[in-house]
>>> print(open('structure22.cif').read())   # mmCIF, N, CA and C atoms
data_model
#
loop_
_atom_site.label_atom_id
_atom_site.label_comp_id
_atom_site.auth_asym_id
_atom_site.auth_seq_id
_atom_site.Cartn_x
_atom_site.Cartn_y
_atom_site.Cartn_z
N MET A 1 19.76 -42.68 -15.96
CA MET A 1 20.66 -42.66 -14.80
C MET A 1 22.03 -42.11 -15.24
N ILE A 2 22.55 -41.24 -14.40
CA ILE A 2 23.80 -40.55 -14.75
C ILE A 2 24.95 -41.55 -14.95
N GLU A 3 24.94 -42.64 -14.14
CA GLU A 3 26.06 -43.59 -14.27
C GLU A 3 26.12 -44.20 -15.67
N GLN A 4 24.93 -44.55 -16.22
CA GLN A 4 24.92 -45.15 -17.56
C GLN A 4 25.39 -44.15 -18.62
N ARG A 5 24.85 -42.91 -18.52
CA ARG A 5 25.21 -41.91 -19.53
C ARG A 5 26.71 -41.60 -19.46
N PHE A 6 27.21 -41.47 -18.23
CA PHE A 6 28.64 -41.18 -18.05
C PHE A 6 29.50 -42.32 -18.61
N GLY A 7 29.10 -43.54 -18.30
CA GLY A 7 29.86 -44.71 -18.79
C GLY A 7 29.91 -44.76 -20.30
N ARG A 8 28.76 -44.47 -20.91
CA ARG A 8 28.70 -44.51 -22.38
C ARG A 8 29.62 -43.43 -22.98
N VAL A 9 29.61 -42.24 -22.38
CA VAL A 9 30.44 -41.15 -22.90
C VAL A 9 31.93 -41.50 -22.76
N ILE A 10 32.31 -42.08 -21.62
CA ILE A 10 33.72 -42.46 -21.43
C ILE A 10 34.12 -43.48 -22.50
N ARG A 11 33.26 -44.45 -22.73
CA ARG A 11 33.57 -45.47 -23.75
C ARG A 11 33.69 -44.83 -25.13
N GLU A 12 32.76 -43.91 -25.47
CA GLU A 12 32.80 -43.23 -26.78
C GLU A 12 34.10 -42.43 -26.93
N GLN A 13 34.43 -41.67 -25.88
CA GLN A 13 35.63 -40.82 -25.94
C GLN A 13 36.90 -41.67 -26.04
N ARG A 14 36.90 -42.79 -25.34
CA ARG A 14 38.04 -43.70 -25.40
C ARG A 14 38.17 -44.29 -26.81
N ALA A 15 37.01 -44.69 -27.37
CA ALA A 15 37.02 -45.30 -28.71
C ALA A 15 37.48 -44.28 -29.75
N GLN A 16 37.06 -43.01 -29.57
CA GLN A 16 37.49 -41.97 -30.52
C GLN A 16 38.99 -41.82 -30.54
N LYS A 17 39.65 -42.08 -29.39
CA LYS A 17 41.12 -41.99 -29.32
C LYS A 17 41.76 -43.30 -29.76
N GLY A 18 40.90 -44.30 -29.98
CA GLY A 18 41.44 -45.61 -30.38
C GLY A 18 42.18 -46.29 -29.23
N TRP A 19 41.77 -45.98 -28.00
CA TRP A 19 42.46 -46.54 -26.83
C TRP A 19 41.76 -47.80 -26.34
N SER A 20 42.54 -48.71 -25.80
CA SER A 20 41.97 -49.87 -25.11
C SER A 20 41.60 -49.43 -23.69
N GLN A 21 40.82 -50.28 -23.00
CA GLN A 21 40.50 -49.98 -21.59
C GLN A 21 41.80 -49.95 -20.77
N GLU A 22 42.71 -50.87 -21.12
CA GLU A 22 43.99 -50.91 -20.37
C GLU A 22 44.68 -49.55 -20.46
N ARG A 23 44.72 -49.00 -21.69
CA ARG A 23 45.47 -47.75 -21.88
C ARG A 23 44.83 -46.60 -21.11
N LEU A 24 43.47 -46.51 -21.19
CA LEU A 24 42.81 -45.41 -20.47
C LEU A 24 42.95 -45.61 -18.96
N ALA A 25 42.79 -46.86 -18.50
CA ALA A 25 42.92 -47.13 -17.05
C ALA A 25 44.30 -46.70 -16.57
N GLU A 26 45.32 -47.01 -17.38
CA GLU A 26 46.69 -46.65 -16.99
C GLU A 26 46.85 -45.13 -16.95
N ALA A 27 46.34 -44.47 -18.01
CA ALA A 27 46.47 -43.00 -18.09
C ALA A 27 45.74 -42.31 -16.95
N ALA A 28 44.65 -42.94 -16.49
CA ALA A 28 43.82 -42.32 -15.44
C ALA A 28 44.17 -42.86 -14.04
N HIS A 29 45.20 -43.72 -14.00
CA HIS A 29 45.63 -44.32 -12.72
C HIS A 29 44.48 -45.04 -12.03
N LEU A 30 43.75 -45.82 -12.83
CA LEU A 30 42.62 -46.59 -12.31
C LEU A 30 42.83 -48.08 -12.58
N ASN A 31 42.14 -48.89 -11.84
CA ASN A 31 42.13 -50.33 -12.06
C ASN A 31 41.33 -50.62 -13.33
N ARG A 32 41.83 -51.47 -14.18
CA ARG A 32 41.19 -51.73 -15.48
C ARG A 32 39.77 -52.30 -15.27
N SER A 33 39.59 -53.20 -14.35
CA SER A 33 38.25 -53.80 -14.20
C SER A 33 37.27 -52.78 -13.64
N TYR A 34 37.79 -51.86 -12.79
CA TYR A 34 36.91 -50.81 -12.26
C TYR A 34 36.46 -49.89 -13.40
N LEU A 35 37.37 -49.62 -14.33
CA LEU A 35 37.01 -48.80 -15.50
C LEU A 35 35.91 -49.51 -16.30
N GLY A 36 36.02 -50.81 -16.42
CA GLY A 36 34.98 -51.57 -17.13
C GLY A 36 33.62 -51.41 -16.45
N GLU A 37 33.61 -51.45 -15.12
CA GLU A 37 32.34 -51.28 -14.38
C GLU A 37 31.77 -49.87 -14.62
N ILE A 38 32.68 -48.87 -14.65
CA ILE A 38 32.24 -47.49 -14.89
C ILE A 38 31.62 -47.39 -16.29
N GLU A 39 32.31 -47.95 -17.28
CA GLU A 39 31.82 -47.86 -18.67
C GLU A 39 30.48 -48.57 -18.84
N ARG A 40 30.26 -49.65 -18.06
CA ARG A 40 28.98 -50.38 -18.15
C ARG A 40 27.90 -49.72 -17.28
N GLY A 41 28.27 -48.64 -16.58
CA GLY A 41 27.28 -47.95 -15.75
C GLY A 41 26.92 -48.72 -14.49
N GLU A 42 27.79 -49.62 -14.10
CA GLU A 42 27.49 -50.49 -12.94
C GLU A 42 27.84 -49.83 -11.61
N VAL A 43 28.73 -48.82 -11.67
CA VAL A 43 29.11 -48.12 -10.44
C VAL A 43 29.04 -46.62 -10.68
N ALA A 44 28.88 -45.87 -9.57
CA ALA A 44 28.85 -44.40 -9.67
C ALA A 44 30.24 -43.91 -9.27
N ALA A 45 31.00 -43.46 -10.26
CA ALA A 45 32.35 -42.98 -9.97
C ALA A 45 32.30 -41.79 -9.03
N SER A 46 33.37 -41.61 -8.27
CA SER A 46 33.46 -40.42 -7.41
C SER A 46 33.99 -39.25 -8.25
N LEU A 47 33.86 -38.05 -7.69
CA LEU A 47 34.37 -36.85 -8.35
C LEU A 47 35.86 -36.98 -8.68
N VAL A 48 36.61 -37.60 -7.78
CA VAL A 48 38.06 -37.74 -7.99
C VAL A 48 38.31 -38.62 -9.22
N THR A 49 37.56 -39.73 -9.31
CA THR A 49 37.71 -40.64 -10.45
C THR A 49 37.26 -39.94 -11.74
N VAL A 50 36.17 -39.20 -11.66
CA VAL A 50 35.69 -38.46 -12.83
C VAL A 50 36.76 -37.48 -13.30
N ALA A 51 37.38 -36.78 -12.36
CA ALA A 51 38.42 -35.80 -12.72
C ALA A 51 39.63 -36.50 -13.34
N LYS A 52 40.01 -37.68 -12.82
CA LYS A 52 41.13 -38.44 -13.38
C LYS A 52 40.84 -38.84 -14.83
N LEU A 53 39.60 -39.30 -15.08
CA LEU A 53 39.24 -39.73 -16.43
C LEU A 53 39.22 -38.54 -17.39
N ALA A 54 38.68 -37.42 -16.93
CA ALA A 54 38.63 -36.22 -17.78
C ALA A 54 40.04 -35.79 -18.16
N GLU A 55 40.92 -35.80 -17.18
CA GLU A 55 42.31 -35.39 -17.44
C GLU A 55 42.99 -36.36 -18.42
N ALA A 56 42.77 -37.65 -18.21
CA ALA A 56 43.40 -38.65 -19.10
C ALA A 56 42.90 -38.50 -20.53
N LEU A 57 41.63 -38.12 -20.66
CA LEU A 57 41.02 -37.95 -21.99
C LEU A 57 41.23 -36.55 -22.55
N ARG A 58 41.94 -35.71 -21.75
CA ARG A 58 42.23 -34.31 -22.16
C ARG A 58 40.91 -33.55 -22.44
N LEU A 59 39.93 -33.76 -21.57
CA LEU A 59 38.65 -33.05 -21.69
C LEU A 59 38.41 -32.27 -20.40
N SER A 60 37.83 -31.08 -20.51
CA SER A 60 37.42 -30.39 -19.29
C SER A 60 36.18 -31.11 -18.75
N LEU A 61 35.92 -30.96 -17.47
CA LEU A 61 34.75 -31.61 -16.87
C LEU A 61 33.47 -31.06 -17.50
N SER A 62 33.44 -29.76 -17.79
CA SER A 62 32.22 -29.18 -18.37
C SER A 62 31.95 -29.76 -19.76
N VAL A 63 33.00 -29.96 -20.55
CA VAL A 63 32.82 -30.55 -21.89
C VAL A 63 32.40 -32.02 -21.75
N LEU A 64 33.06 -32.73 -20.84
CA LEU A 64 32.73 -34.14 -20.64
C LEU A 64 31.25 -34.28 -20.28
N PHE A 65 30.76 -33.42 -19.38
CA PHE A 65 29.36 -33.54 -18.96
C PHE A 65 28.40 -32.99 -20.01
N SER A 66 28.89 -32.10 -20.86
CA SER A 66 27.99 -31.65 -21.94
C SER A 66 27.68 -32.81 -22.87
N HIS A 67 28.68 -33.72 -23.03
CA HIS A 67 28.42 -34.93 -23.84
C HIS A 67 27.36 -35.80 -23.15
N CYS A 68 27.41 -35.84 -21.83
CA CYS A 68 26.43 -36.65 -21.08
C CYS A 68 25.02 -36.08 -21.25
N GLU A 69 24.95 -34.77 -21.47
CA GLU A 69 23.63 -34.13 -21.57
C GLU A 69 23.10 -34.15 -23.00
N ARG A 70 23.99 -34.52 -23.91
CA ARG A 70 23.61 -34.47 -25.32
C ARG A 70 22.54 -35.52 -25.61
N ASP A 71 22.62 -36.66 -24.95
CA ASP A 71 21.71 -37.78 -25.29
C ASP A 71 20.30 -37.51 -24.80
N MET B 1 42.40 -29.39 -5.81
CA MET B 1 41.66 -30.64 -5.71
C MET B 1 40.20 -30.38 -6.09
N ILE B 2 39.67 -31.33 -6.89
CA ILE B 2 38.30 -31.15 -7.38
C ILE B 2 37.27 -31.07 -6.25
N GLU B 3 37.51 -31.83 -5.16
CA GLU B 3 36.51 -31.82 -4.07
C GLU B 3 36.36 -30.42 -3.48
N GLN B 4 37.49 -29.72 -3.29
CA GLN B 4 37.41 -28.36 -2.71
C GLN B 4 36.69 -27.39 -3.66
N ARG B 5 37.07 -27.46 -4.97
CA ARG B 5 36.44 -26.54 -5.92
C ARG B 5 34.94 -26.80 -6.02
N PHE B 6 34.60 -28.12 -6.07
CA PHE B 6 33.18 -28.47 -6.17
C PHE B 6 32.42 -27.99 -4.93
N GLY B 7 32.99 -28.22 -3.76
CA GLY B 7 32.34 -27.80 -2.51
C GLY B 7 32.10 -26.31 -2.47
N ARG B 8 33.10 -25.57 -2.92
CA ARG B 8 32.99 -24.09 -2.90
C ARG B 8 31.88 -23.63 -3.86
N VAL B 9 31.81 -24.28 -5.04
CA VAL B 9 30.77 -23.90 -6.02
C VAL B 9 29.38 -24.22 -5.48
N ILE B 10 29.22 -25.38 -4.84
CA ILE B 10 27.91 -25.75 -4.27
C ILE B 10 27.51 -24.71 -3.22
N ARG B 11 28.46 -24.32 -2.38
CA ARG B 11 28.16 -23.33 -1.33
C ARG B 11 27.75 -22.00 -1.97
N GLU B 12 28.52 -21.57 -3.01
CA GLU B 12 28.22 -20.29 -3.69
C GLU B 12 26.82 -20.33 -4.30
N GLN B 13 26.52 -21.42 -5.01
CA GLN B 13 25.23 -21.54 -5.71
C GLN B 13 24.09 -21.59 -4.68
N ARG B 14 24.32 -22.25 -3.56
CA ARG B 14 23.30 -22.33 -2.50
C ARG B 14 23.07 -20.93 -1.92
N ALA B 15 24.18 -20.21 -1.68
CA ALA B 15 24.08 -18.86 -1.10
C ALA B 15 23.35 -17.92 -2.08
N GLN B 16 23.64 -18.09 -3.37
CA GLN B 16 22.96 -17.23 -4.37
C GLN B 16 21.45 -17.41 -4.31
N LYS B 17 21.00 -18.61 -3.96
CA LYS B 17 19.56 -18.88 -3.86
C LYS B 17 19.03 -18.50 -2.47
N GLY B 18 19.96 -18.12 -1.60
CA GLY B 18 19.56 -17.77 -0.24
C GLY B 18 19.06 -18.97 0.54
N TRP B 19 19.59 -20.17 0.19
CA TRP B 19 19.15 -21.39 0.85
C TRP B 19 20.06 -21.75 2.01
N SER B 20 19.47 -22.37 3.03
CA SER B 20 20.26 -22.94 4.12
C SER B 20 20.77 -24.32 3.65
N GLN B 21 21.73 -24.89 4.39
CA GLN B 21 22.19 -26.24 4.06
C GLN B 21 21.01 -27.22 4.21
N GLU B 22 20.18 -26.98 5.23
CA GLU B 22 19.03 -27.88 5.45
C GLU B 22 18.16 -27.92 4.19
N ARG B 23 17.87 -26.72 3.65
CA ARG B 23 16.97 -26.65 2.51
C ARG B 23 17.55 -27.37 1.30
N LEU B 24 18.86 -27.13 1.03
CA LEU B 24 19.48 -27.79 -0.15
C LEU B 24 19.55 -29.29 0.09
N ALA B 25 19.93 -29.69 1.31
CA ALA B 25 20.03 -31.13 1.60
C ALA B 25 18.68 -31.80 1.37
N GLU B 26 17.63 -31.13 1.80
CA GLU B 26 16.28 -31.70 1.63
C GLU B 26 15.93 -31.79 0.14
N ALA B 27 16.20 -30.69 -0.60
CA ALA B 27 15.87 -30.67 -2.03
C ALA B 27 16.67 -31.73 -2.81
N ALA B 28 17.88 -32.04 -2.32
CA ALA B 28 18.74 -32.99 -3.03
C ALA B 28 18.65 -34.39 -2.44
N HIS B 29 17.76 -34.55 -1.44
CA HIS B 29 17.58 -35.86 -0.78
C HIS B 29 18.91 -36.37 -0.21
N LEU B 30 19.60 -35.46 0.46
CA LEU B 30 20.88 -35.81 1.07
C LEU B 30 20.84 -35.53 2.58
N ASN B 31 21.72 -36.16 3.30
CA ASN B 31 21.88 -35.89 4.72
C ASN B 31 22.54 -34.52 4.91
N ARG B 32 22.03 -33.70 5.82
CA ARG B 32 22.53 -32.34 5.97
C ARG B 32 24.02 -32.34 6.34
N SER B 33 24.44 -33.21 7.23
CA SER B 33 25.85 -33.17 7.66
C SER B 33 26.76 -33.64 6.51
N TYR B 34 26.24 -34.58 5.67
CA TYR B 34 27.04 -35.01 4.51
C TYR B 34 27.22 -33.84 3.54
N LEU B 35 26.16 -33.04 3.38
CA LEU B 35 26.27 -31.86 2.51
C LEU B 35 27.33 -30.92 3.06
N GLY B 36 27.39 -30.76 4.38
CA GLY B 36 28.41 -29.92 4.99
C GLY B 36 29.81 -30.42 4.64
N GLU B 37 29.99 -31.74 4.69
CA GLU B 37 31.31 -32.31 4.36
C GLU B 37 31.66 -32.04 2.89
N ILE B 38 30.64 -32.15 2.02
CA ILE B 38 30.87 -31.89 0.59
C ILE B 38 31.28 -30.44 0.40
N GLU B 39 30.55 -29.51 1.04
CA GLU B 39 30.84 -28.09 0.86
C GLU B 39 32.23 -27.73 1.38
N ARG B 40 32.66 -28.43 2.45
CA ARG B 40 34.00 -28.16 2.99
C ARG B 40 35.09 -28.90 2.21
N GLY B 41 34.69 -29.67 1.19
CA GLY B 41 35.68 -30.38 0.40
C GLY B 41 36.30 -31.56 1.12
N GLU B 42 35.62 -32.06 2.14
CA GLU B 42 36.18 -33.14 2.97
C GLU B 42 35.91 -34.51 2.37
N VAL B 43 34.92 -34.60 1.48
CA VAL B 43 34.61 -35.89 0.86
C VAL B 43 34.45 -35.68 -0.65
N ALA B 44 34.66 -36.77 -1.41
CA ALA B 44 34.49 -36.71 -2.86
C ALA B 44 33.13 -37.30 -3.17
N ALA B 45 32.18 -36.45 -3.52
CA ALA B 45 30.83 -36.92 -3.81
C ALA B 45 30.85 -37.88 -4.99
N SER B 46 29.87 -38.77 -5.02
CA SER B 46 29.75 -39.65 -6.18
C SER B 46 28.97 -38.92 -7.28
N LEU B 47 29.01 -39.50 -8.48
CA LEU B 47 28.27 -38.94 -9.62
C LEU B 47 26.79 -38.80 -9.29
N VAL B 48 26.23 -39.77 -8.57
CA VAL B 48 24.80 -39.74 -8.25
C VAL B 48 24.51 -38.54 -7.34
N THR B 49 25.37 -38.31 -6.35
CA THR B 49 25.20 -37.18 -5.44
C THR B 49 25.38 -35.87 -6.21
N VAL B 50 26.36 -35.81 -7.08
CA VAL B 50 26.60 -34.61 -7.89
C VAL B 50 25.35 -34.30 -8.73
N ALA B 51 24.76 -35.36 -9.33
CA ALA B 51 23.57 -35.15 -10.17
C ALA B 51 22.39 -34.68 -9.32
N LYS B 52 22.25 -35.21 -8.10
CA LYS B 52 21.16 -34.78 -7.21
C LYS B 52 21.31 -33.30 -6.85
N LEU B 53 22.56 -32.87 -6.56
CA LEU B 53 22.80 -31.46 -6.20
C LEU B 53 22.53 -30.55 -7.39
N ALA B 54 22.99 -30.96 -8.58
CA ALA B 54 22.77 -30.14 -9.78
C ALA B 54 21.27 -29.97 -10.01
N GLU B 55 20.54 -31.07 -9.89
CA GLU B 55 19.09 -31.00 -10.12
C GLU B 55 18.42 -30.09 -9.07
N ALA B 56 18.82 -30.21 -7.82
CA ALA B 56 18.23 -29.40 -6.75
C ALA B 56 18.50 -27.91 -6.98
N LEU B 57 19.70 -27.62 -7.53
CA LEU B 57 20.09 -26.23 -7.79
C LEU B 57 19.63 -25.75 -9.16
N ARG B 58 18.92 -26.67 -9.89
CA ARG B 58 18.42 -26.34 -11.24
C ARG B 58 19.57 -25.90 -12.17
N LEU B 59 20.68 -26.64 -12.08
CA LEU B 59 21.82 -26.37 -12.95
C LEU B 59 22.14 -27.63 -13.74
N SER B 60 22.54 -27.48 -14.99
CA SER B 60 23.01 -28.67 -15.71
C SER B 60 24.39 -29.02 -15.15
N LEU B 61 24.80 -30.25 -15.34
CA LEU B 61 26.11 -30.67 -14.84
C LEU B 61 27.22 -29.90 -15.54
N SER B 62 27.05 -29.65 -16.85
CA SER B 62 28.10 -28.93 -17.59
C SER B 62 28.25 -27.50 -17.06
N VAL B 63 27.14 -26.85 -16.74
CA VAL B 63 27.22 -25.48 -16.18
C VAL B 63 27.84 -25.53 -14.78
N LEU B 64 27.40 -26.49 -13.98
CA LEU B 64 27.94 -26.62 -12.63
C LEU B 64 29.46 -26.78 -12.67
N PHE B 65 29.94 -27.63 -13.58
CA PHE B 65 31.39 -27.87 -13.64
C PHE B 65 32.13 -26.72 -14.33
N SER B 66 31.43 -25.96 -15.15
CA SER B 66 32.11 -24.78 -15.74
C SER B 66 32.43 -23.78 -14.62
N HIS B 67 31.55 -23.72 -13.60
CA HIS B 67 31.86 -22.86 -12.44
C HIS B 67 33.10 -23.38 -11.71
N CYS B 68 33.22 -24.70 -11.65
CA CYS B 68 34.38 -25.30 -10.97
C CYS B 68 35.67 -24.96 -11.71
N GLU B 69 35.56 -24.78 -13.03
CA GLU B 69 36.76 -24.54 -13.83
C GLU B 69 37.11 -23.05 -13.88
N ARG B 70 36.16 -22.23 -13.43
CA ARG B 70 36.33 -20.79 -13.54
C ARG B 70 37.47 -20.33 -12.64
N ASP B 71 37.62 -20.96 -11.47
CA ASP B 71 38.60 -20.45 -10.49
C ASP B 71 40.02 -20.76 -10.91
#
>>> encode(input="structure22.cif", output="structure tokens")
Amino acid sequence: MIEQRFGRVIREQRAQKGWSQERLAEAAHLNRSYLGEIERGEVAASLVTVAKLAEALRLSLSVLFSHCERD
Amino acid sequence: MIEQRFGRVIREQRAQKGWSQERLAEAAHLNRSYLGEIERGEVAASLVTVAKLAEALRLSLSVLFSHCERD
């Protein structure tokens, strides 16, 4: 399921930056608990949320999704 | 805005296949009028909807979003 793969990639990319969920949520202008649900694959983020996370992580959407396809 | 760019790319890719909105909506298991809203950039599709459209268009998500970044 895309939600699980996307959540795992966001968590990996966040961990690579050494960021807490709080820090990424703040950078992406998202609610921290909502970010937790996204990372656990419990919700399907919208395109707008996906774009906010990509921007906060300084990744293009195509690169972000290439990570999702890697697994 | 990502919704507009995504909608435009979906419309372009659908037109390249010579498909009607009905045909793509059916292939992606989506409501035809909802697809129209997505193509017009009026709604922000969820990740699940994005994945359904990519699969129906036989495009990987990374390729689909690279088109969004092209403009």
>>> atom_distance(input="structure22.cif", atom1="atom C of A:Ile38", atom2="atom C of A:Arg5")
8.2 Å
>>> interface_residues(input="structure22.cif", of="chain B", to="chain A", cutoff="6 Å", atoms="all atoms listed in the file", output="NGL selection string")
:B and (44-48 or 61-63 or 65-66)
>>> atom_distance(input="structure22.cif", atom1="atom CA of B:Leu53", atom2="atom CA of A:Glu39")
22.5 Å
>>> residues_around(input="structure22.cif", residues="B:Glu22", least_positions_apart="6", cutoff="8 Å", atoms="only N, CA and C atoms", output="PyMOL selection string")
chain B and resi 28+31-33
>>> write_last_selection(input="structure22.cif", atoms="N, CA and C atoms", output="PDB file, keeping the file's coordinate frame")
ATOM      1  N   ALA B  28      17.880 -32.040  -2.320  1.00  0.00           N
ATOM      2  CA  ALA B  28      18.740 -32.990  -3.030  1.00  0.00           C
ATOM      3  C   ALA B  28      18.650 -34.390  -2.440  1.00  0.00           C
ATOM      4  N   ASN B  31      21.720 -36.160   3.300  1.00  0.00           N
ATOM      5  CA  ASN B  31      21.880 -35.890   4.720  1.00  0.00           C
ATOM      6  C   ASN B  31      22.540 -34.520   4.910  1.00  0.00           C
ATOM      7  N   ARG B  32      22.030 -33.700   5.820  1.00  0.00           N
ATOM      8  CA  ARG B  32      22.530 -32.340   5.970  1.00  0.00           C
ATOM      9  C   ARG B  32      24.020 -32.340   6.340  1.00  0.00           C
ATOM     10  N   SER B  33      24.440 -33.210   7.230  1.00  0.00           N
ATOM     11  CA  SER B  33      25.850 -33.170   7.660  1.00  0.00           C
ATOM     12  C   SER B  33      26.760 -33.640   6.510  1.00  0.00           C
TER      13      SER B  33
END
>>> residues_near_point(input="structure22.cif", point="(32.4, -50.7, -19.0)", cutoff="10 Å", atoms="only C-alpha atoms", output="PyMOL selection string")
chain A and resi 4+7-8+10-11+21+32-43
>>> atom_distance(input="structure22.cif", atom1="atom N of B:Glu12", atom2="atom CA of B:Leu30")
16.7 Å
>>> select_by_dssp(input="structure22.cif", residues="chain A", states="helix (DSSP H, G or I)", output="MDAnalysis selection string")
chainID A and resid 2:16 21:27 32:39 47:56 61:70
>>> axis_aligned_box(input="structure22.cif", around="stretch 14-23 of chain A", padding_each_side="4 Å", output="JSON")
{"center_x": 41.2, "center_y": -46.4, "center_z": -25.5, "size_x": 16.6, "size_y": 17.1, "size_z": 18.2}
